[in-house]
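Heads up, the thing below is written out as structure tokens.
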Amino acid sequence: MTILPPGTKVGRYEIVRLIGEGGMSVVYEALDARLNRKVALKVLPSSSRCKRKAAKRFAIEAQAAARLDHPNVVRLYDFDMACDIPYMAMELLEGSTLSSAIVRGPLAVERTADIMLAVCAGVFAAHRAGIVHRDLKPSNIFLCKGWSGRATARVLDFGISKVCGVSSSDLTQTGDIVGTSQYLSPEQASGQRHITEASDQYALGVVMYECVTQRTPQPSGLPMYDLLRRVAAGRHDPLSALRPDLPPAFTAIIERAMSVSPENRYRSVHELGRALFPFASAECHCQYDDYFRMGSTPAEASPCRREHQSVEAPTLEQPEPPVPAWQSEETRTSVRRDPRRRSGPGRMPVASTEGPTSRKMAYSVAIGAVVAAAVLGGLLLAFHL
């Protein structure tokens with residue numbers, strides 16, 4: 001595999017140094033000359049550029065990354081398959097992979113939970129976007145710092161993912177295995193072509209198993225056929241036998257995620273994260289409280305939420321101001337007191353039935369009577385004459 005020397009131009013990017021290389025791609029630190037920023041430039045090596053499978057998987061990875069905008073998934077900036085050296089420019093992260101951390105020793109339960117909460121958040125975002133990763137493993141989980149300076153994890157390498165029904169498995173024959181053997185789910189190991197989000201959850205269970213034991217559930221060095229048969233049958237050394245000091249509830253979470261039948265696993269990766277939430281640190285609780293603790297009551301708020309709640313200063317009870325006269329219990333323009341009743345506490349004023357209309361009618365009747373009397377008197381006088 002030919003390694004590009006520093007200073008080589010790839011599109012508008014200038015190679016700075018080699019970061020890492022795999023079987024299908026090489027990653028460099030590069031400088032974006034247009035925006036003057038450093039990026040992680042992933043390119044297809046010359047030996048893979050003419051291979052249809054390699055080009056297809058490269059394009060699938062770019063499509064998957066472009067569909068995601070999540071703080072726990074590496075961000076894609078640019079992609080080009082038409083230039084001389086196909087590339088994708090991604091966010092340059094500073095840190096190391098989870099596999100490097102595992103080499104240094106088994107991880108504590110709290111740290112494992114902190115890392116896996118971030119991974120579950122990123123993987124669940126991919127699932128909601130219609131993407132199944134299918135190759136989750138410690139080398140594809142990157143430990144770095146987030147925008148707030150807190151330690152977090154990012155999900156990398158969607159090269160063999162399935163994006164809304166389109167996947168690199170379309171380039172294989174029925175029964176072909178897609179993924180890394182030690183992290184395959186039983187359905188992948190049996191050669192099933194229809195792989196769902198439950199397979200990603202199984203791989204996360206294997207990753208957690210490795211985090212706390214420094215080894216994968218299946219022994220290394222097994223022939224492929226034997227390994228696949230063990231995975232499909234759910235055979236592995238019980239976690240409780242390797243780490244009897246682990247909390248039984250934590251062990252049960254890992255074992256459930258690694259159930260042979262997808263129906264026996266958690267309903268989603270988000271639900272797996274909710275199960276891990278109690279084992280995470282207080283700092284991680286502050287970061288993921290709203291995301292993984294839906295339905296919590298104010299009394300169950302995390303410590304950081306209680307710290308940021310404002311404390312109200314005590315106030316003296318003030319007497320109520322007197323009610324203005326215009327807001328009194330009666331309005332003289334609309335209600336008149338009944339002279340026969342006294343108003344007092346608890347007694348409502350009684351409205352009089354006498355009003356402007358009744359007075360006008362009385363005046364009209366009186367005037368009518370006077371006029372009628374005058375007319376009658378005039379008639380009687382004329383009759384006598």
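Letters A, B, ... mark the chains of the structure tokens in the order given; residue numbers begin at 1 per chain; ligand numbers begin at 1, in order shown.
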
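Residues of range 104-209 of chain A that DSSP, applied to the backbone, places in strand (DSSP E or B): Ile131, Val132, Ile141, Phe142, Leu143, Cys144, Lys145, Ala151, Thr152, Ala153, Arg154, Val155, Lys162, Val163, Val166 and Ser167 of chain A.
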
His127 in chain A: which residues within 9 Å, counting only C-alpha atoms, same-chain residues fewer than 6 positions away excluded, as an mmCIF file with N, CA and C atoms, in the first residue's frame?
data_model
loop_
_atom_site.group_PDB
_atom_site.id
_atom_site.type_symbol
_atom_site.label_atom_id
_atom_site.label_comp_id
_atom_site.auth_asym_id
_atom_site.auth_seq_id
_atom_site.Cartn_x
_atom_site.Cartn_y
_atom_site.Cartn_z
ATOM 1 N N HIS A 133 -25.127 0.109 11.825
ATOM 2 C CA HIS A 133 -23.672 0.202 11.685
ATOM 3 C C HIS A 133 -23.065 -1.122 11.226
ATOM 4 N N GLU A 197 -31.276 -3.404 13.793
ATOM 5 C CA GLU A 197 -30.609 -2.656 14.859
ATOM 6 C C GLU A 197 -30.223 -3.557 16.034
ATOM 7 N N VAL A 269 -31.414 0.429 21.459
ATOM 8 C CA VAL A 269 -30.148 0.833 22.079
ATOM 9 C C VAL A 269 -30.392 1.937 23.101
#

Exercise. Skipping near chain neighbours, those fewer than 3 positions away, what residues fall within 10 Å of Arg230 in chain A using only C-alpha atoms, listed as a ChimeraX atom specification?
Worked result: /A:186,189,217-218,224-227,233-236

For the selection you just gave me, I'd like the residues written to a file as a tab-separated table (two decimals), in the first residue's frame, keeping N, CA and C atoms.
chain	number	residue	atom	x	y	z
A	186	PRO	N	-25.38	-13.36	16.55
A	186	PRO	CA	-25.75	-14.70	16.07
A	186	PRO	C	-26.43	-14.69	14.71
A	189	ALA	N	-23.69	-14.23	12.25
A	189	ALA	CA	-22.87	-15.46	12.17
A	189	ALA	C	-23.57	-16.56	11.38
A	217	PRO	N	-15.78	-12.40	24.24
A	217	PRO	CA	-16.45	-13.63	24.71
A	217	PRO	C	-15.93	-14.89	24.05
A	218	GLN	N	-15.50	-14.79	22.78
A	218	GLN	CA	-14.99	-15.96	22.07
A	218	GLN	C	-13.47	-15.98	22.14
A	224	MET	N	-12.56	-20.09	11.93
A	224	MET	CA	-13.75	-19.28	11.66
A	224	MET	C	-15.03	-20.10	11.83
A	225	TYR	N	-15.05	-21.31	11.33
A	225	TYR	CA	-16.26	-22.12	11.41
A	225	TYR	C	-16.65	-22.37	12.87
A	226	ASP	N	-15.64	-22.72	13.71
A	226	ASP	CA	-15.93	-22.97	15.12
A	226	ASP	C	-16.42	-21.70	15.83
A	227	LEU	N	-15.80	-20.59	15.50
A	227	LEU	CA	-16.21	-19.33	16.12
A	227	LEU	C	-17.66	-18.98	15.76
A	233	ALA	N	-24.76	-20.30	18.62
A	233	ALA	CA	-25.35	-21.07	19.71
A	233	ALA	C	-25.35	-20.32	21.03
A	234	GLY	N	-24.70	-19.14	21.08
A	234	GLY	CA	-24.67	-18.36	22.31
A	234	GLY	C	-23.71	-18.92	23.35
A	235	ARG	N	-22.68	-19.60	22.91
A	235	ARG	CA	-21.71	-20.20	23.83
A	235	ARG	C	-20.57	-19.22	24.09
A	236	HIS	N	-20.33	-18.91	25.35
A	236	HIS	CA	-19.18	-18.10	25.76
A	236	HIS	C	-19.00	-18.24	27.26

For this session: Calculate how many Å separate CA of Ser259 in chain A from CA of Ala64 in chain A, rounding to one decimal.
Result: 27.2 Å

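Considering only C-alpha atoms, the residue among A:Gln192, A:Asn36, A:Asn72, A:Ser148 positioned nearest to Ala118 in chain A is A:Asn72.
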
Problem set entry | Nearby residues (only C-alpha atoms) at most 12 Å from Leu35 in chain A, same-chain spacing under 3 positions excluded, as an MDAnalysis selection string | chainID A and resid 12:13 30:32 38:39 77

Selected residues written out, C-alpha atoms, as a short mmCIF file (atom, residue, chain, number, x, y, z; two decimals), in the first residue's frame:
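Generated output (result-v4.cif):
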data_model
loop_
_atom_site.label_atom_id
_atom_site.label_comp_id
_atom_site.auth_asym_id
_atom_site.auth_seq_id
_atom_site.Cartn_x
_atom_site.Cartn_y
_atom_site.Cartn_z
CA ARG A 12 -8.04 21.10 -1.99
CA TYR A 13 -6.41 19.26 0.94
CA ALA A 30 -4.61 17.15 6.27
CA LEU A 31 -5.02 20.89 5.92
CA ASP A 32 -8.03 22.38 4.20
CA LYS A 38 -7.21 20.60 9.87
CA VAL A 39 -9.28 17.57 8.93
CA TYR A 77 -17.24 17.77 5.93
#

For this session: Choose the residue, out of A:Arg193, A:Tyr183, A:Phe250, A:Ser96, that has the smallest atom-to-atom separation from Ser220 in chain A; count only C-alpha atoms.
Result: A:Tyr183

Exercise. Any idea what's packed within 8 Å of Val43 in chain A, counting only C-alpha atoms, ignoring anything in its chain fewer than 4 positions away? Could you give it as a count of residues only?
Worked result: 7

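Of the residues listed (A:Ala125, A:Val16, A:Arg37, A:Met81), A:Ala125 shows the shortest atom-to-atom separation from Ala65 in chain A; distances use only C-alpha atoms.
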
Problem set entry | One-decimal distance in Å that lies between CA of Ile131 in chain A and CA of Glu29 in chain A | 26.9 Å

Exercise. A:Lys56, A:Arg274, A:Arg150, A:Arg75: which is nearest Asp289 in chain A, counting only C-alpha atoms?
Worked result: A:Arg274

Exercise. Could you state the separation of CA of Thr251 in chain A and CA of Ala232 in chain A in Å, given to one decimal place?
Worked result: 20.7 Å

Exercise. Any idea what's packed within 8 Å of Phe277 in chain A, counting only C-alpha atoms, ignoring anything in its chain fewer than 4 positions away? Could you give it as a list in words?
Worked result: Ala113, Leu117, Gly273, His285, Phe292 and Arg293 of chain A
